[in-house]
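To be precise, the following lines are target.csv, and they hold CSV, C-alpha atoms and all ligand atoms.
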```csv
chain,number,residue,atom,x,y,z
A,1,MET,CA,-79.4,2.5,32.4
A,2,PRO,CA,-77.2,2.3,29.2
A,3,TRP,CA,-77.9,4.6,26.3
A,4,PHE,CA,-78.1,3.6,22.6
A,5,GLY,CA,-78.0,6.7,20.6
A,6,ASP,CA,-80.8,9.2,21.4
A,7,GLU,CA,-83.1,6.9,23.4
A,8,PRO,CA,-82.4,5.3,26.7
A,9,VAL,CA,-82.8,1.6,26.4
A,10,SER,CA,-83.5,-0.7,29.4
A,11,THR,CA,-81.2,-3.7,29.9
A,12,ALA,CA,-84.3,-5.8,29.3
A,13,THR,CA,-84.1,-4.9,25.6
A,14,ILE,CA,-80.4,-5.9,25.2
A,15,GLY,CA,-80.1,-8.6,22.7
A,16,LYS,CA,-83.5,-8.0,21.1
A,17,GLU,CA,-84.0,-6.2,17.8
A,18,LEU,CA,-84.5,-2.5,18.5
A,19,PRO,CA,-86.5,-0.2,16.3
A,20,ILE,CA,-84.1,1.7,14.1
A,21,THR,CA,-85.0,5.0,15.7
A,22,ALA,CA,-83.9,3.9,19.0
A,23,HIS,CA,-80.2,3.5,18.2
A,24,VAL,CA,-79.3,6.0,15.4
A,25,SER,CA,-77.5,8.9,16.9
A,26,THR,CA,-76.5,11.9,14.8
A,27,GLU,CA,-74.3,13.3,17.5
A,28,VAL,CA,-71.3,11.0,17.3
A,29,GLU,CA,-68.4,12.3,15.3
A,30,THR,CA,-66.9,9.2,13.6
A,31,ILE,CA,-63.1,9.1,13.1
A,32,GLN,CA,-61.9,7.0,10.2
A,33,LEU,CA,-59.0,4.8,11.1
A,34,ARG,CA,-57.0,4.9,7.9
A,35,GLY,CA,-54.0,2.5,7.5
A,36,GLY,CA,-52.3,4.8,5.0
A,37,GLU,CA,-52.0,7.5,7.8
A,38,LEU,CA,-49.5,5.4,9.8
A,39,ALA,CA,-47.6,3.9,6.9
A,40,SER,CA,-44.8,6.3,6.9
A,41,SER,CA,-44.3,6.1,10.7
A,42,LEU,CA,-44.2,2.3,10.4
A,43,ARG,CA,-41.7,2.5,7.5
A,44,ASN,CA,-39.5,4.6,9.8
A,45,GLN,CA,-39.8,2.1,12.6
A,46,ILE,CA,-39.0,-0.8,10.2
A,47,GLU,CA,-36.0,1.1,8.8
A,48,SER,CA,-34.6,1.7,12.3
A,49,GLY,CA,-35.1,-2.0,13.1
A,50,ARG,CA,-33.4,-3.0,9.9
A,51,GLN,CA,-30.4,-0.8,10.5
A,52,GLN,CA,-30.1,-2.1,14.1
A,53,LEU,CA,-30.2,-5.7,12.7
A,54,LEU,CA,-27.4,-5.0,10.3
A,55,ARG,CA,-25.3,-3.2,13.0
A,56,ASP,CA,-25.7,-6.2,15.2
A,57,GLY,CA,-24.3,-8.5,12.4
A,58,GLY,CA,-27.6,-9.9,11.1
A,59,HIS,CA,-28.1,-10.9,7.5
A,60,PRO,CA,-29.7,-8.4,5.1
A,61,PRO,CA,-33.4,-9.3,5.4
A,62,VAL,CA,-34.9,-11.5,2.8
A,63,LEU,CA,-38.6,-12.5,2.7
A,64,VAL,CA,-39.7,-15.5,0.7
A,65,THR,CA,-43.4,-15.8,-0.4
A,66,LEU,CA,-44.0,-19.5,-1.2
A,67,ALA,CA,-47.0,-20.4,-3.2
A,68,VAL,CA,-48.7,-23.4,-4.8
A,69,ASP,CA,-51.0,-22.4,-7.6
A,70,PRO,CA,-52.0,-19.1,-6.1
A,71,ASN,CA,-55.5,-17.7,-6.8
A,72,PRO,CA,-56.0,-14.1,-7.9
A,73,PRO,CA,-56.4,-12.6,-4.4
A,74,ALA,CA,-53.2,-14.4,-3.2
A,75,GLU,CA,-51.4,-13.0,-6.3
A,76,ALA,CA,-52.7,-9.5,-5.5
A,77,TYR,CA,-51.5,-9.9,-1.9
A,78,ARG,CA,-48.1,-11.0,-3.2
A,79,GLY,CA,-48.0,-7.9,-5.4
A,80,SER,CA,-48.7,-5.7,-2.4
A,81,ILE,CA,-46.0,-7.5,-0.4
A,82,ALA,CA,-43.5,-7.0,-3.2
A,83,ARG,CA,-44.2,-3.2,-3.4
A,84,THR,CA,-44.1,-2.8,0.4
A,85,MET,CA,-40.8,-4.8,0.7
A,86,LYS,CA,-39.2,-2.7,-2.0
A,87,ARG,CA,-40.0,0.5,-0.1
A,88,VAL,CA,-38.5,-0.8,3.2
A,89,HIS,CA,-35.4,-2.3,1.6
A,90,ILE,CA,-36.3,-5.9,2.3
A,91,GLU,CA,-35.6,-8.3,-0.5
A,92,HIS,CA,-38.7,-10.2,-1.6
A,93,ARG,CA,-38.2,-13.6,-3.3
A,94,PRO,CA,-41.4,-15.1,-4.8
A,95,ILE,CA,-41.1,-18.9,-5.1
A,96,ASP,CA,-43.8,-21.0,-6.8
A,97,LEU,CA,-43.9,-24.7,-6.3
A,98,PRO,CA,-45.4,-26.8,-9.2
A,99,SER,CA,-49.2,-26.8,-9.1
A,100,ASP,CA,-49.1,-30.6,-8.8
A,101,CYS,CA,-46.6,-30.6,-6.0
A,102,SER,CA,-47.0,-33.3,-3.3
A,103,GLU,CA,-47.1,-32.8,0.5
A,104,ASP,CA,-43.5,-34.2,0.6
A,105,GLU,CA,-42.3,-31.6,-1.9
A,106,LEU,CA,-44.0,-28.8,0.1
A,107,SER,CA,-42.4,-30.2,3.3
A,108,ASP,CA,-39.0,-30.4,1.6
A,109,ALA,CA,-39.2,-26.8,0.4
A,110,LEU,CA,-40.1,-25.6,3.9
A,111,HIS,CA,-37.1,-27.5,5.4
A,112,ARG,CA,-34.8,-26.1,2.7
A,113,LEU,CA,-35.9,-22.5,3.3
A,114,SER,CA,-35.8,-23.0,7.1
A,115,ALA,CA,-32.2,-24.2,6.9
A,116,ASP,CA,-31.0,-21.5,4.4
A,117,PRO,CA,-29.2,-18.8,6.4
A,118,ALA,CA,-29.8,-16.3,3.6
A,119,VAL,CA,-33.6,-16.5,4.1
A,120,THR,CA,-34.9,-14.4,6.9
A,121,GLY,CA,-38.6,-15.1,6.8
A,122,VAL,CA,-41.1,-17.3,4.9
A,123,LEU,CA,-44.8,-16.6,4.2
A,124,VAL,CA,-46.8,-19.4,2.6
A,125,LEU,CA,-49.6,-17.9,0.6
A,126,MET,CA,-53.1,-19.2,1.4
A,127,PRO,CA,-55.2,-21.0,0.4
A,128,LEU,CA,-53.1,-24.0,-0.5
A,129,PRO,CA,-54.8,-26.5,-2.9
A,130,ALA,CA,-57.2,-28.6,-0.9
A,131,ARG,CA,-55.2,-31.8,-1.5
A,132,LEU,CA,-52.3,-30.3,0.6
A,133,ASP,CA,-52.7,-30.4,4.4
A,134,LYS,CA,-52.0,-26.9,5.5
A,135,SER,CA,-50.9,-28.1,9.0
A,136,ILE,CA,-47.6,-29.1,7.1
A,137,VAL,CA,-46.8,-25.3,7.2
A,138,SER,CA,-47.6,-24.9,10.9
A,139,GLU,CA,-45.6,-27.9,11.8
A,140,GLN,CA,-42.6,-27.8,9.4
A,141,LEU,CA,-41.7,-24.1,9.1
A,142,ASP,CA,-38.9,-22.9,11.4
A,143,PRO,CA,-40.7,-20.7,14.1
A,144,LEU,CA,-37.8,-18.3,13.9
A,145,LYS,CA,-38.7,-17.6,10.2
A,146,ASP,CA,-42.5,-17.8,10.7
A,147,VAL,CA,-43.3,-14.1,9.7
A,148,ASP,CA,-47.0,-14.6,9.9
A,149,GLY,CA,-47.1,-16.4,13.2
A,150,VAL,CA,-48.7,-19.6,11.9
A,151,THR,CA,-46.5,-22.2,13.6
A,152,MET,CA,-47.6,-23.8,16.8
A,153,ILE,CA,-44.6,-22.4,18.6
A,154,ASN,CA,-45.5,-18.8,17.7
A,155,ALA,CA,-49.3,-19.3,18.3
A,156,GLY,CA,-48.5,-20.8,21.7
A,157,ARG,CA,-46.1,-18.1,22.7
A,158,LEU,CA,-48.6,-15.4,21.6
A,159,HIS,CA,-51.2,-16.9,24.0
A,160,LEU,CA,-48.6,-17.4,26.8
A,161,GLY,CA,-47.6,-13.8,26.6
A,162,LEU,CA,-44.1,-14.5,25.4
A,163,PRO,CA,-42.1,-12.8,22.7
A,164,CYS,CA,-43.2,-14.1,19.3
A,165,LEU,CA,-43.9,-13.4,15.7
A,166,ALA,CA,-47.6,-12.6,15.7
A,167,PRO,CA,-49.9,-12.7,12.7
A,168,SER,CA,-49.7,-9.6,10.6
A,169,THR,CA,-53.3,-8.8,10.1
A,170,PRO,CA,-54.4,-8.5,13.7
A,171,SER,CA,-51.0,-6.9,14.6
A,172,GLY,CA,-52.0,-4.1,12.1
A,173,GLY,CA,-55.3,-3.6,14.0
A,174,ILE,CA,-53.4,-3.0,17.2
A,175,ALA,CA,-51.0,-0.6,15.5
A,176,LEU,CA,-54.0,1.3,14.2
A,177,LEU,CA,-55.5,1.6,17.6
A,178,ASP,CA,-52.2,2.8,19.0
A,179,PHE,CA,-51.7,5.3,16.3
A,180,TYR,CA,-55.1,6.9,16.8
A,181,GLU,CA,-54.6,6.8,20.6
A,182,ILE,CA,-57.6,4.6,21.2
A,183,PRO,CA,-57.1,3.1,24.7
A,184,ILE,CA,-56.7,-0.7,24.8
A,185,ALA,CA,-55.8,-1.2,28.4
A,186,GLY,CA,-59.0,-1.5,30.5
A,187,ALA,CA,-61.2,-1.5,27.4
A,188,GLN,CA,-64.0,-4.0,26.9
A,189,ALA,CA,-63.3,-5.6,23.5
A,190,VAL,CA,-65.4,-8.0,21.5
A,191,VAL,CA,-63.8,-10.0,18.7
A,192,ILE,CA,-66.3,-11.5,16.3
A,193,GLY,CA,-64.7,-14.5,14.5
A,194,ARG,CA,-62.1,-17.0,15.8
A,195,SER,CA,-60.0,-17.9,12.8
A,196,ASN,CA,-56.3,-18.7,13.5
A,197,VAL,CA,-55.2,-15.8,11.2
A,198,VAL,CA,-57.4,-13.0,12.5
A,199,GLY,CA,-59.9,-13.5,15.4
A,200,ARG,CA,-58.0,-15.7,17.7
A,201,PRO,CA,-54.6,-13.9,17.6
A,202,LEU,CA,-56.3,-10.5,17.8
A,203,ALA,CA,-58.1,-11.6,21.0
A,204,ALA,CA,-54.7,-12.7,22.4
A,205,LEU,CA,-53.0,-9.4,21.4
A,206,LEU,CA,-55.8,-7.3,22.9
A,207,GLN,CA,-55.7,-9.4,26.1
A,208,ARG,CA,-51.9,-8.9,26.3
A,209,ARG,CA,-52.5,-5.2,26.2
A,210,ASN,CA,-54.9,-5.5,29.2
A,211,ALA,CA,-58.2,-5.3,27.3
A,212,THR,CA,-61.0,-7.5,28.7
A,213,VAL,CA,-61.8,-9.6,25.7
A,214,THR,CA,-64.9,-11.6,24.7
A,215,VAL,CA,-64.6,-13.8,21.5
A,216,CYS,CA,-67.8,-14.4,19.6
A,217,HIS,CA,-68.4,-16.8,16.7
A,218,SER,CA,-71.2,-18.5,14.8
A,219,GLY,CA,-72.3,-20.4,17.9
A,220,THR,CA,-72.7,-17.3,20.0
A,221,ARG,CA,-76.2,-16.8,21.3
A,222,ASP,CA,-77.4,-13.2,21.5
A,223,LEU,CA,-74.4,-11.5,19.9
A,224,ALA,CA,-75.8,-8.0,20.6
A,225,HIS,CA,-75.6,-8.7,24.4
A,226,TYR,CA,-71.8,-8.7,24.1
A,227,THR,CA,-71.2,-6.2,21.4
A,228,ARG,CA,-73.4,-3.4,22.8
A,229,SER,CA,-71.4,-3.1,25.9
A,230,ALA,CA,-68.0,-3.1,24.1
A,231,ASP,CA,-65.7,-0.2,23.7
A,232,ILE,CA,-64.0,-2.0,20.8
A,233,VAL,CA,-65.8,-4.3,18.4
A,234,ALA,CA,-63.4,-6.1,16.0
A,235,LEU,CA,-64.7,-8.4,13.3
A,236,ALA,CA,-63.4,-10.8,10.7
A,237,ILE,CA,-66.2,-13.1,9.5
A,238,GLY,CA,-66.5,-12.6,5.8
A,239,GLN,CA,-70.1,-11.3,5.7
A,240,PRO,CA,-70.7,-7.9,4.2
A,241,ASP,CA,-72.6,-5.3,6.2
A,242,PHE,CA,-73.0,-7.7,9.1
A,243,LEU,CA,-72.2,-5.1,11.9
A,244,THR,CA,-75.1,-2.6,12.0
A,245,PRO,CA,-75.7,0.3,14.4
A,246,ARG,CA,-78.0,-1.8,16.5
A,247,LEU,CA,-75.1,-4.0,17.4
A,248,ILE,CA,-72.8,-1.4,18.9
A,249,ARG,CA,-73.1,1.4,21.5
A,250,PRO,CA,-72.6,4.9,20.2
A,251,GLY,CA,-69.0,6.0,20.4
A,252,ALA,CA,-67.6,2.5,20.2
A,253,THR,CA,-64.5,1.7,18.0
A,254,VAL,CA,-65.1,-0.7,15.1
A,255,LEU,CA,-62.1,-2.6,13.6
A,256,ASP,CA,-63.3,-4.2,10.4
A,257,PHE,CA,-61.0,-6.9,8.9
A,258,GLY,CA,-63.5,-8.2,6.4
A,259,ILE,CA,-62.7,-8.2,2.7
A,260,ASN,CA,-65.8,-9.1,0.6
A,261,VAL,CA,-65.9,-8.6,-3.2
A,262,ILE,CA,-69.3,-7.7,-4.4
A,263,GLY,CA,-69.2,-7.2,-8.2
A,264,ASP,CA,-66.5,-4.6,-8.7
A,265,ARG,CA,-66.8,-3.3,-5.1
A,266,ILE,CA,-64.8,-4.3,-2.1
A,267,THR,CA,-66.6,-4.0,1.2
A,268,GLY,CA,-65.9,-5.0,4.8
A,269,ASP,CA,-68.0,-6.9,7.4
A,270,ALA,CA,-69.4,-3.7,8.9
A,271,ASP,CA,-72.1,-1.5,7.4
A,272,PHE,CA,-69.7,1.5,7.1
A,273,GLU,CA,-72.3,4.0,5.9
A,274,ALA,CA,-74.8,3.1,8.6
A,275,LEU,CA,-72.2,3.2,11.3
A,276,ARG,CA,-71.0,6.7,10.4
A,277,GLY,CA,-72.4,9.0,13.1
A,278,VAL,CA,-72.8,6.1,15.5
A,279,ALA,CA,-69.3,4.6,15.9
A,280,GLY,CA,-66.7,6.8,17.5
A,281,ALA,CA,-64.1,5.4,15.2
A,282,ILE,CA,-64.2,2.9,12.3
A,283,THR,CA,-61.8,1.4,9.8
A,284,PRO,CA,-63.0,1.9,6.2
A,285,VAL,CA,-62.8,-1.0,3.8
A,286,PRO,CA,-60.7,-0.6,1.7
A,287,GLY,CA,-58.2,1.7,3.3
A,288,GLY,CA,-58.4,0.7,7.0
A,289,THR,CA,-56.6,-2.4,8.3
A,290,GLY,CA,-55.6,-3.6,4.8
A,291,PRO,CA,-52.8,-1.1,3.9
A,292,ILE,CA,-50.8,-2.1,7.0
A,293,THR,CA,-50.9,-5.8,6.8
A,294,ALA,CA,-47.8,-6.0,4.4
A,295,LEU,CA,-46.0,-3.5,6.6
A,296,MET,CA,-46.6,-5.7,9.7
A,297,LEU,CA,-45.1,-8.5,7.6
A,298,ALA,CA,-42.1,-6.3,6.9
A,299,ARG,CA,-41.8,-5.5,10.6
A,300,ASN,CA,-42.0,-9.2,11.4
A,301,THR,CA,-39.3,-10.0,8.9
A,302,ILE,CA,-36.9,-7.7,10.7
A,303,ALA,CA,-38.0,-9.3,14.0
A,304,ALA,CA,-37.3,-12.7,12.5
A,305,GLY,CA,-33.9,-11.4,11.5
A,306,ILE,CA,-33.2,-10.6,15.1
A,307,ALA,CA,-34.5,-14.0,16.2
A,308,ASN,CA,-32.4,-15.8,13.6
A,309,LEU,CA,-29.3,-13.9,14.6
A,310,HIS,CA,-29.7,-14.9,18.3
A,311,LYS,CA,-31.4,-18.2,17.5
A,312,ASP,CA,-34.1,-17.3,20.0
A,313,LEU,CA,-37.6,-15.8,19.8
A,314,ASP,CA,-37.0,-14.3,23.3
A,315,SER,CA,-34.5,-11.9,21.6
A,316,ILE,CA,-37.2,-10.0,19.8
A,317,PRO,CA,-37.5,-6.6,21.5
A,318,PRO,CA,-41.0,-5.1,22.0
A,319,PHE,CA,-41.7,-3.1,18.9
A,320,GLU,CA,-42.3,0.1,20.9
A,321,HIS,CA,-38.6,0.0,21.9
A,322,TRP,CA,-37.5,0.2,18.3
A,323,GLN,CA,-38.4,3.8,17.7
A,324,THR,CA,-41.1,6.1,18.8
A,325,VAL,CA,-43.8,6.0,16.2
A,326,GLU,CA,-45.1,9.5,15.6
A,327,LYS,CA,-47.9,10.8,13.6
A,328,ASP,CA,-47.0,12.5,10.3
A,329,GLY,CA,-47.2,16.3,10.1
B,401,LIG,P1,-62.8,-17.8,8.5
B,401,LIG,O1,-63.9,-18.3,7.6
B,401,LIG,O2,-61.6,-18.6,8.8
B,401,LIG,O3,-63.5,-17.5,9.9
B,401,LIG,C1,-64.7,-16.8,10.0
B,401,LIG,C2,-65.1,-16.6,11.5
B,401,LIG,O4,-66.3,-15.9,11.5
B,401,LIG,C3,-65.3,-18.0,12.2
B,401,LIG,O5,-64.8,-18.0,13.4
B,401,LIG,C4,-66.9,-18.1,12.2
B,401,LIG,O6,-67.3,-18.7,13.4
B,401,LIG,C5,-67.2,-16.6,12.4
B,401,LIG,N1,-68.6,-16.3,11.9
B,401,LIG,C6,-69.1,-16.6,10.7
B,401,LIG,N2,-70.4,-16.2,10.7
B,401,LIG,C7,-70.6,-15.6,11.9
B,401,LIG,C8,-71.8,-15.0,12.4
B,401,LIG,N3,-72.9,-14.9,11.8
B,401,LIG,N4,-71.7,-14.5,13.7
B,401,LIG,C9,-70.6,-14.6,14.4
B,401,LIG,N5,-69.4,-15.2,13.9
B,401,LIG,C10,-69.5,-15.7,12.7
B,401,LIG,O7,-62.4,-16.4,8.0
B,401,LIG,P2,-61.0,-15.5,8.1
B,401,LIG,O8,-60.8,-15.1,9.5
B,401,LIG,O9,-60.0,-16.1,7.4
B,401,LIG,O10,-61.5,-14.2,7.3
B,401,LIG,C11,-62.6,-13.4,7.8
B,401,LIG,C12,-62.7,-12.2,6.9
B,401,LIG,O11,-61.5,-11.5,7.1
B,401,LIG,C13,-62.8,-12.4,5.4
B,401,LIG,O12,-63.6,-11.4,4.9
B,401,LIG,C14,-61.4,-12.3,4.9
B,401,LIG,O13,-61.3,-11.9,3.6
B,401,LIG,C15,-60.9,-11.3,5.9
B,401,LIG,N6,-59.4,-11.3,6.0
B,401,LIG,C16,-58.8,-10.1,6.0
B,401,LIG,C17,-57.4,-10.1,6.1
B,401,LIG,C18,-56.7,-8.8,6.1
B,401,LIG,O14,-55.5,-8.7,5.9
B,401,LIG,N7,-57.4,-7.7,6.3
B,401,LIG,C19,-56.6,-11.3,6.3
B,401,LIG,C20,-57.4,-12.5,6.5
B,401,LIG,C21,-58.8,-12.5,6.3
B,401,LIG,P3,-67.0,-20.3,13.6
B,401,LIG,O15,-65.6,-20.4,14.1
B,401,LIG,O16,-68.0,-20.7,14.6
B,401,LIG,O17,-67.3,-21.0,12.3
```
Here is the file; what I need is its structure written in the form of structure tokens.
Amino acid sequence: MPWFGDEPVSTATIGKELPITAHVSTEVETIQLRGGELASSLRNQIESGRQQLLRDGGHPPVLVTLAVDPNPPAEAYRGSIARTMKRVHIEHRPIDLPSDCSEDELSDALHRLSADPAVTGVLVLMPLPARLDKSIVSEQLDPLKDVDGVTMINAGRLHLGLPCLAPSTPSGGIALLDFYEIPIAGAQAVVIGRSNVVGRPLAALLQRRNATVTVCHSGTRDLAHYTRSADIVALAIGQPDFLTPRLIRPGATVLDFGINVIGDRITGDADFEALRGVAGAITPVPGGTGPITALMLARNTIAAGIANLHKDLDSIPPFEHWQTVEKDG
């Protein structure tokens, strides 16, 4: 019989609303998975990759962020990318296309940057204006420069288990699990949300690491049935306080990718306060997965440099071979 906190709960109740007293445990010590804690290890890993790239005759890494009429969150993300790249000695070149640019102009810019040997990687800031078809980016950007894994080649290779440039946000989630030594292989993982930037690639990354993965979405019936048996619950849905204690089993790890702005407060998709003392580990928002996204982009820029040098995505070595990532202190 599975246990939910202090009370044994029969499997007949799984998926039904439980009384709050049945699932609140005060006995679980909750570890906070903080992105800032692994930043310096990641910077070391990126620096070792950068030096290897230069030793092998690669170009000094340059990351272009391409934008069309960026909104304030996209500008803020670009600012964070600029600060991160400076710290890891990767040149950042922001390029803004005119706000009235056409699909042909966007396409031309992508072709130009793809063909420019001095450009290592390109990130197109989202969202694009609604009149521009965003599939232009996934179809026209050179996969060797696709540092956020949005092209069909990289998305396909990710799902086929081949070397690729994987999206930075879910890659950061995996890096956090590794840093805090939370086992992935053999774990039951539930990913809530199936967007192409977070949920879907995260599910593929977890599966590549031998987790048994279930993907849930807005059409999932009886979400609790899946989440309550999971060792790892990851979510990116854009709904504040969605994940509550009744949806997890005590001791489970919660990876919260949500970013919701409520007044002057930023909150995730998990009810962080309520889950403290129930989850075994949880990413706070802000401060959890967010701080590593730009570092993952930097790591991908170095990986793109290697792929560009050899003109082959197969040449990207597994990141764990770059350098052992050790905890600070
Ligand atoms: P999308 O809107 O593209 O996708 C949301 C997903 O959540 C969809 O798959 C949707 O299902 C699912 N969903 C919505 N409501 C429910 C529900 N009630 N139950 C189960 N599933 C549900 O969002 P994104 O992936 O782009 O972003 C999600 C969140 O992650 C946002 O808060 C965003 O700000 C954040 N984010 C964070 C990033 C970071 O760097 N940390 C980067 C990108 C996003 P369906 O497919 O059926 O519609």
Excluding stretch 64-80 of chain A and its own-chain neighbours fewer than 5 positions away, which residues fall within 8 Å of it when counting all atoms listed in the file? Please give them as a ChimeraX atom specification. /A:92-99,101,119-129,294
For the selection just defined, write its residues with C-alpha atoms to a file, as a compact mmCIF listing (two decimals), in the coordinates of the input.
```
# COMPACT_ATOMS: atom_id res chain seq x y z
CA HIS A 92 -38.70 -10.20 -1.60
CA ARG A 93 -38.20 -13.60 -3.30
CA PRO A 94 -41.40 -15.10 -4.80
CA ILE A 95 -41.10 -18.90 -5.10
CA ASP A 96 -43.80 -21.00 -6.80
CA LEU A 97 -43.90 -24.70 -6.30
CA PRO A 98 -45.40 -26.80 -9.20
CA SER A 99 -49.20 -26.80 -9.10
CA CYS A 101 -46.60 -30.60 -6.00
CA VAL A 119 -33.60 -16.50 4.10
CA THR A 120 -34.90 -14.40 6.90
CA GLY A 121 -38.60 -15.10 6.80
CA VAL A 122 -41.10 -17.30 4.90
CA LEU A 123 -44.80 -16.60 4.20
CA VAL A 124 -46.80 -19.40 2.60
CA LEU A 125 -49.60 -17.90 0.60
CA MET A 126 -53.10 -19.20 1.40
CA PRO A 127 -55.20 -21.00 0.40
CA LEU A 128 -53.10 -24.00 -0.50
CA PRO A 129 -54.80 -26.50 -2.90
CA ALA A 294 -47.80 -6.00 4.40
```
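Remark: for ligand LIG 401 (chain B), the closest of the candidate residues A:Gly35, A:Gly258, A:Gly49, A:Pro250 is A:Gly258 (distances computed over all atoms listed in the file).
The closest residue to A:Ile153, picked from A:Ile248, A:Leu132, A:Val137, A:Ala211 and counting all atoms listed in the file, is A:Val137.
Distances here use only C-alpha atoms and all ligand atoms; by that measure, the residue among A:Phe242, A:Phe272, A:Trp322, A:Phe257 closest to ligand LIG 401 (chain B) is A:Phe257.
From atom CA of A:Leu158 back to atom CA of A:Glu181, the distance works out to 23.0 Å.
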Which residues are close to A:Thr293, i.e. within 10 Å by all atoms listed in the file, leaving aside same-chain residues fewer than 5 positions away? Reply as a PDB file with C-alpha atoms, keeping the file's coordinate frame.
```
ATOM      1  CA  GLY A  35     -54.000   2.500   7.500  1.00  0.00           C
ATOM      2  CA  TYR A  77     -51.500  -9.900  -1.900  1.00  0.00           C
ATOM      3  CA  SER A  80     -48.700  -5.700  -2.400  1.00  0.00           C
ATOM      4  CA  ILE A  81     -46.000  -7.500  -0.400  1.00  0.00           C
ATOM      5  CA  THR A  84     -44.100  -2.800   0.400  1.00  0.00           C
ATOM      6  CA  PRO A 167     -49.900 -12.700  12.700  1.00  0.00           C
ATOM      7  CA  SER A 168     -49.700  -9.600  10.600  1.00  0.00           C
ATOM      8  CA  THR A 169     -53.300  -8.800  10.100  1.00  0.00           C
ATOM      9  CA  PRO A 170     -54.400  -8.500  13.700  1.00  0.00           C
ATOM     10  CA  SER A 171     -51.000  -6.900  14.600  1.00  0.00           C
ATOM     11  CA  GLY A 172     -52.000  -4.100  12.100  1.00  0.00           C
ATOM     12  CA  GLY A 173     -55.300  -3.600  14.000  1.00  0.00           C
ATOM     13  CA  GLY A 288     -58.400   0.700   7.000  1.00  0.00           C
ATOM     14  CA  ALA A 298     -42.100  -6.300   6.900  1.00  0.00           C
ATOM     15  CA  ARG A 299     -41.800  -5.500  10.600  1.00  0.00           C
TER      16      ARG A 299
END
```
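For the pair atom CA of A:Pro245 and atom N2 of ligand LIG 401 (chain B), the interatomic distance is 17.7 Å.
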Just to confirm, what's the straight-line distance from atom CA of A:Asp178 to atom CA of A:Asn300 in Å (one decimal)? 17.5 Å
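Of the residues under consideration (A:Glu105, A:Glu139, A:Asp148, A:Asp100), A:Asp148 shows the shortest atom-to-atom contact distance to ligand LIG 401 (chain B) when counting all atoms listed in the file.
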Residues within 10 Å of ligand LIG 401 (chain B), counting all atoms listed in the file: report them as a compact mmCIF listing (two decimals) with C-alpha atoms, in the frame of the given file.
```
# COMPACT_ATOMS: atom_id res chain seq x y z
CA PRO A 73 -56.40 -12.60 -4.40
CA TYR A 77 -51.50 -9.90 -1.90
CA MET A 126 -53.10 -19.20 1.40
CA PRO A 127 -55.20 -21.00 0.40
CA PRO A 167 -49.90 -12.70 12.70
CA SER A 168 -49.70 -9.60 10.60
CA THR A 169 -53.30 -8.80 10.10
CA PRO A 170 -54.40 -8.50 13.70
CA SER A 171 -51.00 -6.90 14.60
CA GLY A 172 -52.00 -4.10 12.10
CA GLY A 173 -55.30 -3.60 14.00
CA VAL A 191 -63.80 -10.00 18.70
CA ILE A 192 -66.30 -11.50 16.30
CA GLY A 193 -64.70 -14.50 14.50
CA ARG A 194 -62.10 -17.00 15.80
CA SER A 195 -60.00 -17.90 12.80
CA ASN A 196 -56.30 -18.70 13.50
CA VAL A 197 -55.20 -15.80 11.20
CA VAL A 198 -57.40 -13.00 12.50
CA GLY A 199 -59.90 -13.50 15.40
CA ARG A 200 -58.00 -15.70 17.70
CA VAL A 215 -64.60 -13.80 21.50
CA CYS A 216 -67.80 -14.40 19.60
CA HIS A 217 -68.40 -16.80 16.70
CA SER A 218 -71.20 -18.50 14.80
CA GLY A 219 -72.30 -20.40 17.90
CA THR A 220 -72.70 -17.30 20.00
CA ARG A 221 -76.20 -16.80 21.30
CA ASP A 222 -77.40 -13.20 21.50
CA LEU A 223 -74.40 -11.50 19.90
CA LEU A 235 -64.70 -8.40 13.30
CA ALA A 236 -63.40 -10.80 10.70
CA ILE A 237 -66.20 -13.10 9.50
CA GLY A 238 -66.50 -12.60 5.80
CA GLN A 239 -70.10 -11.30 5.70
CA PRO A 240 -70.70 -7.90 4.20
CA PHE A 242 -73.00 -7.70 9.10
CA LEU A 243 -72.20 -5.10 11.90
CA ASP A 256 -63.30 -4.20 10.40
CA PHE A 257 -61.00 -6.90 8.90
CA GLY A 258 -63.50 -8.20 6.40
CA ILE A 259 -62.70 -8.20 2.70
CA ASN A 260 -65.80 -9.10 0.60
CA VAL A 261 -65.90 -8.60 -3.20
CA THR A 267 -66.60 -4.00 1.20
CA GLY A 268 -65.90 -5.00 4.80
CA ASP A 269 -68.00 -6.90 7.40
CA VAL A 285 -62.80 -1.00 3.80
CA PRO A 286 -60.70 -0.60 1.70
CA GLY A 287 -58.20 1.70 3.30
CA GLY A 288 -58.40 0.70 7.00
CA THR A 289 -56.60 -2.40 8.30
CA GLY A 290 -55.60 -3.60 4.80
CA PRO A 291 -52.80 -1.10 3.90
CA ILE A 292 -50.80 -2.10 7.00
CA THR A 293 -50.90 -5.80 6.80
CA ALA A 294 -47.80 -6.00 4.40
```
